[in-house]
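Right, one structure below, let's go through it.
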Amino acid sequence: MANITDEIVWFAEDPVLPKDRSFLSKLSNFFFPQAVISPAGLERIAGHRYVSGAYTYLDGLLNPFWTGLTGYLPLWLAPNAVTTLGGCHCLASFVTLWRYRSLEGEDFPSWVLLFCGYCTFAYYTLDCMDGKQARRTGSSSPLGQLFDHGFDCLCLLSHVSNCLSLACLGGTRWFLACQCATHLVFFAAQWVEYHTGALPTEAGGIGVTEWNYGVAALAIANAFVDRPALWRRSLGGPAAGWRVNEGFVAGYFAMCAFCFFAGCGMVKKKISAKKYTAALAKTLSPAVLAAAPFLLPDRLFAGGYCRHISLATGLLFTTITIKLIVFGMAKMTYAAVQLEIVPFCAFCVAARVFGDSFEEVFGTTVERGLAGITLWNGFRLLGFVRAVVEQICRRLDIYCFTIKKKQN
């Protein structure tokens, strides 16, 4: 359980730099982070122990399968390398679907869906094997949790892309709405762990295993059907005015809302009412971030820039979620206002306020501004992760992608 305060902490003090350091020093550490975890936080991370959530029936059924596959991995292969290999599958899926959907519209080749289904299956299978490889090689560490959950967050981009593209909703505001809802639910799960010490991984007997393998199965099944005819047909009956894909989105939002409020209930049971108000304030930044991209002009969506908006938003969600994971492990205070979201949100507001005058005011187009902010969000994510990994590896005296030989 992290450092839970009674009062809302709007802006957190820099945990590393002394308060008497100059403003420029603190600004430099924000843009080019060298250290983001305090010395006391590093000690808490060194003693951190992960507490997993409940297992579902499918988890128990597939556990021997995952264990058997892990036995084929070489003993020199680091668990974080296994996690990264799984993440690379999601990257391949995301890039392939983006390319072929851009070229072919909604009528992209069926093999693309087969490939995306395989990638999702391989990603989650490797995700289940990394912890077993860590125990098998005696190399378990808190860094493994950060890698595991960090990649899980980033790979949500691929999962949502698969589901909404096959449902003929790629490139729409519904696509972005489902992505933001998914990121909010994932953030909420880490938020629950931050306040309770345990990560929820299932709700109502349905967990992350069912979700990930379900996404894979859905992609593979849709490779063999006429997708536009299936997803755009009427639901019939009382819902005759709804298409199948619209019903899918409605059900998806209902599932996300259930998971989010279930998480809120878990936290409310564990802490006092005053602390609960302070805890809810920590969801302010992700909530604002989820709303910000909908301020962008319609022409970006009509012009095929939805994927760019999706990527910019997803990278930023990943940054603030990984920060919550790290601060939860380090028992450091996570502020309500995360400054990382300010540039992107300011860009979205400016695009809405200035509209067609954006280029005249800022000297560049909204499209180029979106490309720039996407690159910045990626740069910021990599910089933050690099600083965290270096600090943890140095403190624990471990390597990130290889297993360090123990001294006799």
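Scheme for the structure tokens: letters A, B, ... for chains in order shown; per-chain residue numbers from 1; ligand numbers from 1 in order shown.
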Filtered DSSP result for segment 101-330 of chain A, state strand (DSSP E or B), as a PyMOL selection string: chain A and resi 202-203+206-207+234+243
Next, the residues of the selection above should be written as a CSV table (one decimal), in the first residue's frame with C-alpha atoms.
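The resulting result10.csv:
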chain,number,residue,atom,x,y,z
A,202,GLU,CA,-10.7,-10.4,-12.6
A,203,ALA,CA,-14.3,-9.3,-12.1
A,206,ILE,CA,-13.8,-13.0,-16.1
A,207,GLY,CA,-10.2,-11.9,-16.0
A,234,SER,CA,-29.3,-4.6,-37.6
A,243,ARG,CA,-26.3,-2.1,-35.7
Quick one: residues within 12 Å of Thr56 of chain A, only C-alpha atoms, excluding same-chain residues fewer than 3 positions away - as a PyMOL selection string? chain A and resi 53+59-63+200-211
**Prompt:** Skipping near chain neighbours, those fewer than 2 positions away, what residues fall within 6 Å of segment 374-382 of chain A using only C-alpha atoms, listed as JSON, numbers by chain?
**Reply:** {"A": [312, 315, 316, 319, 371, 372, 384, 385, 386]}
Could you build a table of the residues in segment 132-194 of chain A lying no more than 12 Å from segment 303-306 of chain A, giving for each the nearest pair of atoms and their separation in Å rounded to one decimal place, using only C-alpha atoms, ordered by chain and ascending residue number, as a tab-separated table?
residue	atom	partner	partner_atom	distance
A:Ser161	CA	A:Cys306	CA	10.9
A:Ser165	CA	A:Cys306	CA	11.8
A:Leu169	CA	A:Cys306	CA	11.0
A:Gly170	CA	A:Cys306	CA	8.1
A:Gly171	CA	A:Cys306	CA	5.0
A:Thr172	CA	A:Cys306	CA	6.7
A:Arg173	CA	A:Cys306	CA	7.7
A:Trp174	CA	A:Cys306	CA	10.2
A:Phe175	CA	A:Cys306	CA	8.2
A:Leu176	CA	A:Cys306	CA	7.5
A:Ala177	CA	A:Cys306	CA	11.1
A:Gln179	CA	A:Cys306	CA	11.4
message: Just want the 9 Å neighbourhood of Gln338 of chain A, counted on only C-alpha atoms, with same-chain residues fewer than 4 positions away dropped. Output as number ranges by chain.
response: A: 10-12, 284-286, 320, 334, 342
Write out as a list in words each polymer residue whose atoms come within 10 Å of Met129 of chain A, counting only C-alpha atoms; drop sequence neighbours fewer than 3 positions from it.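 In the requested format, the answer is Asn63, Phe65, Trp66, Thr67, Gly68, Leu69, Thr70, Gly71, Leu73, Pro79, Val82, Thr83, Gly86, Tyr123, Tyr124, Thr125, Leu126, Lys132, Gln133 and Ala134 of chain A.
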Using only C-alpha atoms, tabulate the residues of segment 193-267 of chain A lying at most 6 Å from any atom of segment 89-113 of chain A, each with its closest atom pair and that distance in Å to one decimal, by chain and increasing residue number, as JSON lines.
{"residue": "A:Ala219", "atom": "CA", "partner": "A:Leu113", "partner_atom": "CA", "distance": 5.3}
{"residue": "A:Ile220", "atom": "CA", "partner": "A:Leu113", "partner_atom": "CA", "distance": 5.9}
{"residue": "A:Ala223", "atom": "CA", "partner": "A:Ser110", "partner_atom": "CA", "distance": 4.7}
Residue with the minimum atom-to-atom distance to Gly47 of chain A, picked from A:Ile403, A:Met329, A:Leu164, A:Ala350 with only C-alpha atoms counted, is A:Met329
